[in-house]
Every structure is written in C-alpha cells, then in structure tokens.
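Working notes for the structure below.
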Amino acid sequence: MTALTVHQFPCLGDNYGYLIHDEENDLTAAIDTPEASKIEEALKEKGWKLTHILNTHHHFDHAGGNEELKRKWGCVIVGSKSDAARIPGIDEQVGDGDIYTFGNHKAKVLDVSGHTQGHIAYYFEADRILFSGDALFALGCGRLFEGSPEQMWTSLQKLIALPDDTTVYCAHEYTQSNARFALTVEPQNSELQARAKVIDDLRSANKPTVPSNLGVEKRTNPFLRPMSSDLQETLGMTAAPLVEVFAETRLRKDNF
Ligand code: ZN
Ligand code: FE
C-alpha cells in the first residue's frame with residue numbers, strides 16, 4: 001500500500017483546502033470544500049478527479065463548495081450523521097468510532113463536538129494523519145459556538161489519546177495569534193517559546209505553519225494542557241478539575 005498523498009493549498013482568507021489521493025484506486029477526496037474554484041485549480045494541477053468530499057462540519061467555509069463540486073463531479077459526500085441536516089448534498093453519514101474506507105486507506109471517525117454539534121475529525125490510523133477541521137488548531141482549538149467546555153474537553157481528550165507521531169492537518173492558519181495567546185498562559189514553557197519563534201519566521205516568509213505534529217501540540221498547545229502545573233499556576237487554578245482549567249483557558253482566549 002502506498003501512503004496517502006495529501007495536497008494542501010490556501011483558500012479564502014485563512015482556510016486550508018486539502019485533497020487526499022489514493023493512487024491504486026485513483027480516488028481523490030476533498031477534506032471540506034472551503035472554496036470550489038481553488039479546489040478545481042488544485043485538481044487540475046495534480047491531474048486528479050474528485051470522487052469524494054469528507055466534511056468535518058457544516059460551516060460555510062467547510063461545506064460551502066459541496067453542491068457546486070457535486071454537480072460537476074458527481075462525487076460522494078461524507079459527513080457527520082448528527083450534523084446531516086446541515087451538510088449540503090450529504091450521501092453517507094458517519095459517526096463516532098465508525099471506520100470510513102477510502103480505497104486502501106481507513107479513516108476512523110471521531111466525534112469532536114464543541115465548535116459545532118456533530119463536528120467530526122478523520123483519523124487515518126495507518127498513515128498517522130488527522131484532519132481536525134475546526135476542533136483542534138495548531139496551538140489552538142475551535143471557538144465553542146454550539147458546545148460546552150465539558151463537551152469540547154471530552155472531544156480534545158480523544159485527540160490527546162492519539163499517537164504523538166500523528167500529523168495534524170487543521171482547517172485554518174491561526175497559529176501565530178494562537179502562539180501569542182499561548183505564551184500568556186504558559187510563559188514558562190520553553191518548547192512553546194521556541195515554537196513561537198519558528199512560527200514567526202515561517203509567517204514572515206509567508207509559509208504555512210500547518211500541518212503540525214500531535215506530540216508537539218500535546219507539549220505546547222494550552223488547550224491540550226490543563227494538566228500543566230505552570231498553566232494552572234498562571235490561571236490561579238492549581239487545585240481545579242482539568243475541565244475547569246480548560247474552560248478558563250478558552251474563556252481567556254475568547255477575550256484575548
Ligand atoms: Zn467552523
Ligand atoms: Fe472554519
């Protein structure tokens with residue numbers, strides 16, 4: 001089995017579009033559809049035909065291109081069963097723990113609700129690739145538009161449980177402002193300090209900071225680190241339950 005090929009390209013203001021390609025079966029899926037025209041350009045550039053769309057959630061910058069692309073390609077649209085009513089053109093509904101087979105590659109579906117109800121992530125276990133949508137960002141996590149901190153923390157714990165050598169493809173280039181915030185809540189974290197410098201260099205060269213490595217996220221992303229005693233101390237919450245530390249971190253980011 002050849003590895004799953006991932007092609008990444010910018011869309012809209014700060015979204016990333018992704019095409020994944022299974023060479024043996026000549027299958028190509030778009031992970032979300034932030035901008036149909038950019039996805040068309042990417043398909044042309046790679047010489048691939050769109051066979052699938054794998055949606056993470058219903059927001060317009062994730063599913064807005066579904067219908068136009070389906071009209072043109074007749075592709076199969078896969079999305080969350082608990083968000084099905086809001087995913088345009090959905091054909092196949094998947095839920096937490098399901099395995100979605102994409103050619104020779106299998107994606108485990110993880111319900112990571114919190115940003116929205118029914119938000120899912122796709123984890124290609126053998127390839128160690130995670131498409132996290134707007135649930136987990138490089139050094140950040142999604143805003144809680146529809147879920148509680150309890151729900152989001154439950155979701156993020158599913159991602160924490162994945163192996164450190166997982167590559168995380170998130171949906172937005174938010175990393176530099178996330179890094180500025182992260183340094184305010186865990187200024188003692190030397191790996192975070194070093195990462196923030198690398199991120200500044202990448203962004204001043206107009207280069208993406210995405211994908212990232214899950215092990216690095218676990219060591220530097222404050223939303224995965226309510227157990228950090230340094231972070232707890234900054235927040236003045238040394239004896240608090242982890243979910244409360246997470247909730248306070250999210251609240252501070254909302255007001256950052
Ligand atoms: Zn969103
Ligand atoms: Fe988004």
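Ordered as shown in the structure tokens, chains take letters A, B, and onward, while each chain numbers its residues from 1 and ligands are numbered from 1 in the order shown.
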
Go through stretch 144-172 of chain A and flag each residue having an atom no more than 8 Å from stretch 239-255 of chain A; for those, report the closest pair of atoms plus their distance in Å to one decimal, using only C-alpha atoms, ordered by chain and rising number, as a tab-separated table.
```
residue	atom	partner	partner_atom	distance
A:Pro149	CA	A:Ala247	CA	5.3
A:Glu150	CA	A:Val243	CA	6.1
A:Trp153	CA	A:Val243	CA	6.3
```

How close does each residue of chain A get to ligand 2, giving the shortest atom pair and distance in Å to one decimal for every residue with an atom at most 12 Å away, counting only C-alpha atoms and all ligand atoms, sorted by chain and residue number, as a tab-separated table?
```
residue	atom	partner	partner_atom_place_in_ligand_line	distance
A:Cys11	CA	ligand 2	1 (Fe)	11.0
A:Leu12	CA	ligand 2	1 (Fe)	10.3
A:Gly13	CA	ligand 2	1 (Fe)	10.5
A:Asp14	CA	ligand 2	1 (Fe)	8.9
A:Asn15	CA	ligand 2	1 (Fe)	6.9
A:Tyr16	CA	ligand 2	1 (Fe)	9.3
A:Gly17	CA	ligand 2	1 (Fe)	10.9
A:Asp32	CA	ligand 2	1 (Fe)	9.7
A:Thr33	CA	ligand 2	1 (Fe)	10.5
A:Pro34	CA	ligand 2	1 (Fe)	8.3
A:Glu35	CA	ligand 2	1 (Fe)	11.8
A:Asn55	CA	ligand 2	1 (Fe)	11.4
A:Thr56	CA	ligand 2	1 (Fe)	9.6
A:His57	CA	ligand 2	1 (Fe)	8.6
A:His58	CA	ligand 2	1 (Fe)	9.2
A:His59	CA	ligand 2	1 (Fe)	6.5
A:Phe60	CA	ligand 2	1 (Fe)	7.8
A:Asp61	CA	ligand 2	1 (Fe)	5.4
A:His62	CA	ligand 2	1 (Fe)	6.1
A:Ala63	CA	ligand 2	1 (Fe)	9.6
A:Gly64	CA	ligand 2	1 (Fe)	10.8
A:His115	CA	ligand 2	1 (Fe)	9.4
A:Thr116	CA	ligand 2	1 (Fe)	10.4
A:His119	CA	ligand 2	1 (Fe)	11.1
A:Ser132	CA	ligand 2	1 (Fe)	10.7
A:Gly133	CA	ligand 2	1 (Fe)	7.1
A:Asp134	CA	ligand 2	1 (Fe)	5.5
A:Ala135	CA	ligand 2	1 (Fe)	9.2
A:Leu136	CA	ligand 2	1 (Fe)	10.9
A:Phe137	CA	ligand 2	1 (Fe)	10.3
A:Cys141	CA	ligand 2	1 (Fe)	11.0
A:Gly142	CA	ligand 2	1 (Fe)	8.3
A:Arg143	CA	ligand 2	1 (Fe)	9.7
A:Phe145	CA	ligand 2	1 (Fe)	11.4
A:Cys170	CA	ligand 2	1 (Fe)	9.3
A:Ala171	CA	ligand 2	1 (Fe)	6.3
A:His172	CA	ligand 2	1 (Fe)	6.6
A:Glu173	CA	ligand 2	1 (Fe)	10.1
A:Tyr174	CA	ligand 2	1 (Fe)	10.5
```

Could you give me, as a tab-separated table, a per-residue list for stretch 80-175 of chain A showing, wherever an atom lies at most 12 Å from an atom of stretch 203-216 of chain A, the closest pair of atoms and their distance in Å to one decimal, using only C-alpha atoms and sorting by chain then residue number from low to high?
```
residue	atom	partner	partner_atom	distance
A:Tyr123	CA	A:Leu214	CA	12.0
A:Arg128	CA	A:Leu214	CA	9.8
A:Ile129	CA	A:Asn213	CA	9.6
A:Leu130	CA	A:Leu214	CA	8.9
A:Phe131	CA	A:Pro211	CA	9.6
A:Ser132	CA	A:Pro211	CA	10.5
A:Gly133	CA	A:Pro211	CA	11.8
A:Leu136	CA	A:Leu214	CA	10.1
A:Phe137	CA	A:Val210	CA	8.8
A:Ala138	CA	A:Ser212	CA	6.4
A:Leu139	CA	A:Ser212	CA	9.2
A:Gly140	CA	A:Ser212	CA	11.6
A:Leu156	CA	A:Leu214	CA	11.7
A:Leu159	CA	A:Leu214	CA	8.5
A:Ile160	CA	A:Leu214	CA	8.0
A:Ala161	CA	A:Leu214	CA	10.0
A:Leu162	CA	A:Leu214	CA	8.0
A:Pro163	CA	A:Leu214	CA	7.4
A:Asp164	CA	A:Gly215	CA	3.9
A:Asp165	CA	A:Gly215	CA	6.3
A:Thr166	CA	A:Leu214	CA	5.3
A:Thr167	CA	A:Asn213	CA	4.8
A:Val168	CA	A:Ser212	CA	5.2
A:Tyr169	CA	A:Pro211	CA	4.7
A:Cys170	CA	A:Pro211	CA	6.9
A:Ala171	CA	A:Val210	CA	8.8
A:His172	CA	A:Val210	CA	8.3
A:Glu173	CA	A:Val210	CA	7.0
A:Tyr174	CA	A:Thr209	CA	8.8
A:Thr175	CA	A:Thr209	CA	6.7
```

Judged by only C-alpha atoms, the minimum distance to A:Gly89 among A:Arg71, A:Arg195, A:Lys108, A:Lys44 is found for A:Arg71

All residues 12 Å or closer to stretch 1-5 of chain A, only C-alpha atoms, same chain fewer than 2 positions away omitted, as a ChimeraX atom specification: /A:7-8,18-30,46,48,102-107,124-130

From a DSSP calculation on the backbone, collect every residue of stretch 76-216 of chain A in alpha helix (DSSP H) and output the set as an NGL selection string. :A and (149-160 or 175-185 or 190-204 or 214-216)

Go ahead and save the picked residues with N, CA and C atoms, as a short mmCIF file (atom, residue, chain, number, x, y, z; two decimals), in the first residue's frame.
```cif
data_model
loop_
_atom_site.label_atom_id
_atom_site.label_comp_id
_atom_site.auth_asym_id
_atom_site.auth_seq_id
_atom_site.Cartn_x
_atom_site.Cartn_y
_atom_site.Cartn_z
N PRO A 149 -17.81 23.77 27.43
CA PRO A 149 -16.41 23.39 27.70
C PRO A 149 -16.27 21.91 28.03
N GLU A 150 -17.25 21.35 28.76
CA GLU A 150 -17.20 19.93 29.11
C GLU A 150 -17.15 19.07 27.84
N GLN A 151 -18.03 19.44 26.89
CA GLN A 151 -18.10 18.66 25.66
C GLN A 151 -16.80 18.79 24.86
N MET A 152 -16.29 20.01 24.74
CA MET A 152 -15.06 20.22 23.97
C MET A 152 -13.88 19.51 24.64
N TRP A 153 -13.81 19.55 25.95
CA TRP A 153 -12.72 18.89 26.64
C TRP A 153 -12.79 17.37 26.43
N THR A 154 -14.00 16.82 26.45
CA THR A 154 -14.17 15.40 26.13
C THR A 154 -13.67 15.10 24.72
N SER A 155 -14.01 15.98 23.79
CA SER A 155 -13.56 15.81 22.40
C SER A 155 -12.04 15.87 22.29
N LEU A 156 -11.45 16.86 22.93
CA LEU A 156 -9.99 17.03 22.81
C LEU A 156 -9.24 15.87 23.46
N GLN A 157 -9.84 15.26 24.49
CA GLN A 157 -9.19 14.10 25.10
C GLN A 157 -9.09 12.92 24.14
N LYS A 158 -10.05 12.83 23.21
CA LYS A 158 -9.96 11.77 22.19
C LYS A 158 -8.74 12.02 21.29
N LEU A 159 -8.43 13.29 21.05
CA LEU A 159 -7.28 13.61 20.19
C LEU A 159 -5.97 13.43 20.97
N ILE A 160 -6.00 13.78 22.25
CA ILE A 160 -4.82 13.58 23.10
C ILE A 160 -4.43 12.09 23.14
N THR A 175 -2.19 30.10 13.55
CA THR A 175 -1.16 29.69 14.52
C THR A 175 -0.43 30.85 15.19
N GLN A 176 -0.14 31.90 14.42
CA GLN A 176 0.67 32.97 15.01
C GLN A 176 -0.08 33.68 16.15
N SER A 177 -1.36 33.97 15.94
CA SER A 177 -2.09 34.62 17.04
C SER A 177 -2.35 33.62 18.17
N ASN A 178 -2.53 32.35 17.83
CA ASN A 178 -2.64 31.32 18.88
C ASN A 178 -1.38 31.27 19.73
N ALA A 179 -0.22 31.41 19.08
CA ALA A 179 1.06 31.36 19.81
C ALA A 179 1.17 32.53 20.78
N ARG A 180 0.75 33.70 20.33
CA ARG A 180 0.80 34.88 21.22
C ARG A 180 -0.04 34.65 22.46
N PHE A 181 -1.22 34.08 22.24
CA PHE A 181 -2.08 33.79 23.39
C PHE A 181 -1.45 32.71 24.28
N ALA A 182 -0.97 31.64 23.67
CA ALA A 182 -0.42 30.52 24.44
C ALA A 182 0.69 30.99 25.39
N LEU A 183 1.50 31.93 24.90
CA LEU A 183 2.60 32.44 25.73
C LEU A 183 2.10 33.21 26.95
N THR A 184 0.88 33.75 26.88
CA THR A 184 0.34 34.47 28.05
C THR A 184 -0.12 33.51 29.15
N VAL A 185 -0.50 32.29 28.78
CA VAL A 185 -0.98 31.36 29.81
C VAL A 185 0.07 30.34 30.26
N SER A 190 9.38 26.25 27.61
CA SER A 190 10.49 26.60 26.70
C SER A 190 10.26 26.04 25.29
N GLU A 191 9.61 24.89 25.18
CA GLU A 191 9.33 24.37 23.84
C GLU A 191 8.32 25.28 23.12
N LEU A 192 7.38 25.82 23.88
CA LEU A 192 6.42 26.78 23.30
C LEU A 192 7.13 28.06 22.85
N GLN A 193 8.04 28.55 23.69
CA GLN A 193 8.79 29.76 23.31
C GLN A 193 9.53 29.54 21.99
N ALA A 194 10.20 28.40 21.90
CA ALA A 194 10.97 28.09 20.69
C ALA A 194 10.03 27.93 19.49
N ARG A 195 8.90 27.28 19.71
CA ARG A 195 7.95 27.07 18.61
C ARG A 195 7.40 28.40 18.12
N ALA A 196 7.11 29.31 19.05
CA ALA A 196 6.57 30.62 18.67
C ALA A 196 7.55 31.37 17.75
N LYS A 197 8.84 31.21 18.01
CA LYS A 197 9.85 31.87 17.16
C LYS A 197 9.86 31.27 15.76
N VAL A 198 9.78 29.94 15.71
CA VAL A 198 9.74 29.26 14.40
C VAL A 198 8.51 29.72 13.61
N ILE A 199 7.38 29.83 14.32
CA ILE A 199 6.13 30.26 13.68
C ILE A 199 6.25 31.68 13.14
N ASP A 200 6.84 32.57 13.93
CA ASP A 200 7.04 33.95 13.45
C ASP A 200 7.89 33.97 12.18
N ASP A 201 8.94 33.15 12.17
CA ASP A 201 9.82 33.10 10.99
C ASP A 201 9.06 32.57 9.78
N LEU A 202 8.28 31.51 9.98
CA LEU A 202 7.51 30.94 8.87
C LEU A 202 6.53 31.97 8.32
N ARG A 203 5.84 32.66 9.22
CA ARG A 203 4.82 33.60 8.77
C ARG A 203 5.45 34.81 8.10
N SER A 204 6.61 35.26 8.59
CA SER A 204 7.21 36.42 7.90
C SER A 204 7.74 36.02 6.53
N LEU A 214 1.30 16.08 16.38
CA LEU A 214 0.44 15.98 17.56
C LEU A 214 1.24 15.94 18.86
N GLY A 215 2.39 15.30 18.84
CA GLY A 215 3.23 15.28 20.04
C GLY A 215 3.63 16.69 20.45
N VAL A 216 4.00 17.50 19.47
CA VAL A 216 4.35 18.90 19.73
C VAL A 216 3.13 19.65 20.26
#
```

Write down as JSON, numbers by chain the residues belonging to stretch 4-247 of chain A that are assigned strand (DSSP E or B) by DSSP computed on the backbone. {"A": [5, 6, 7, 8, 9, 10, 11, 15, 16, 17, 18, 19, 20, 21, 22, 27, 28, 29, 30, 31, 52, 53, 54, 76, 77, 78, 79, 80, 92, 93, 94, 99, 100, 101, 102, 105, 106, 107, 108, 109, 110, 111, 120, 121, 122, 123, 124, 129, 130, 131, 132, 133, 136, 137, 140, 141, 167, 168, 169, 170, 172, 212, 213]}

Using only C-alpha atoms and all ligand atoms, can you tell me which of A:Asn66, A:Ser82, A:Ser37, A:Ser113 comes closest to ligand 1?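 Checking each of A:Asn66, A:Ser82, A:Ser37, A:Ser113 against ligand 1, counting only C-alpha atoms and all ligand atoms, the winner is A:Ser113.
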
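Taking atom CA of A:Lys49 and atom CA of A:Ile87 as endpoints, the distance between them is 21.7 Å.
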
So, counting only C-alpha atoms, which residue among A:Ala121, A:Leu50, A:Val94, A:Val109 is closest to A:Gly79? A:Val94

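Compared by their closest atoms to ligand 1, and using only C-alpha atoms and all ligand atoms, the residues A:Asp230, A:Glu67, A:Gly118, A:Glu217 rank with A:Gly118 nearest.
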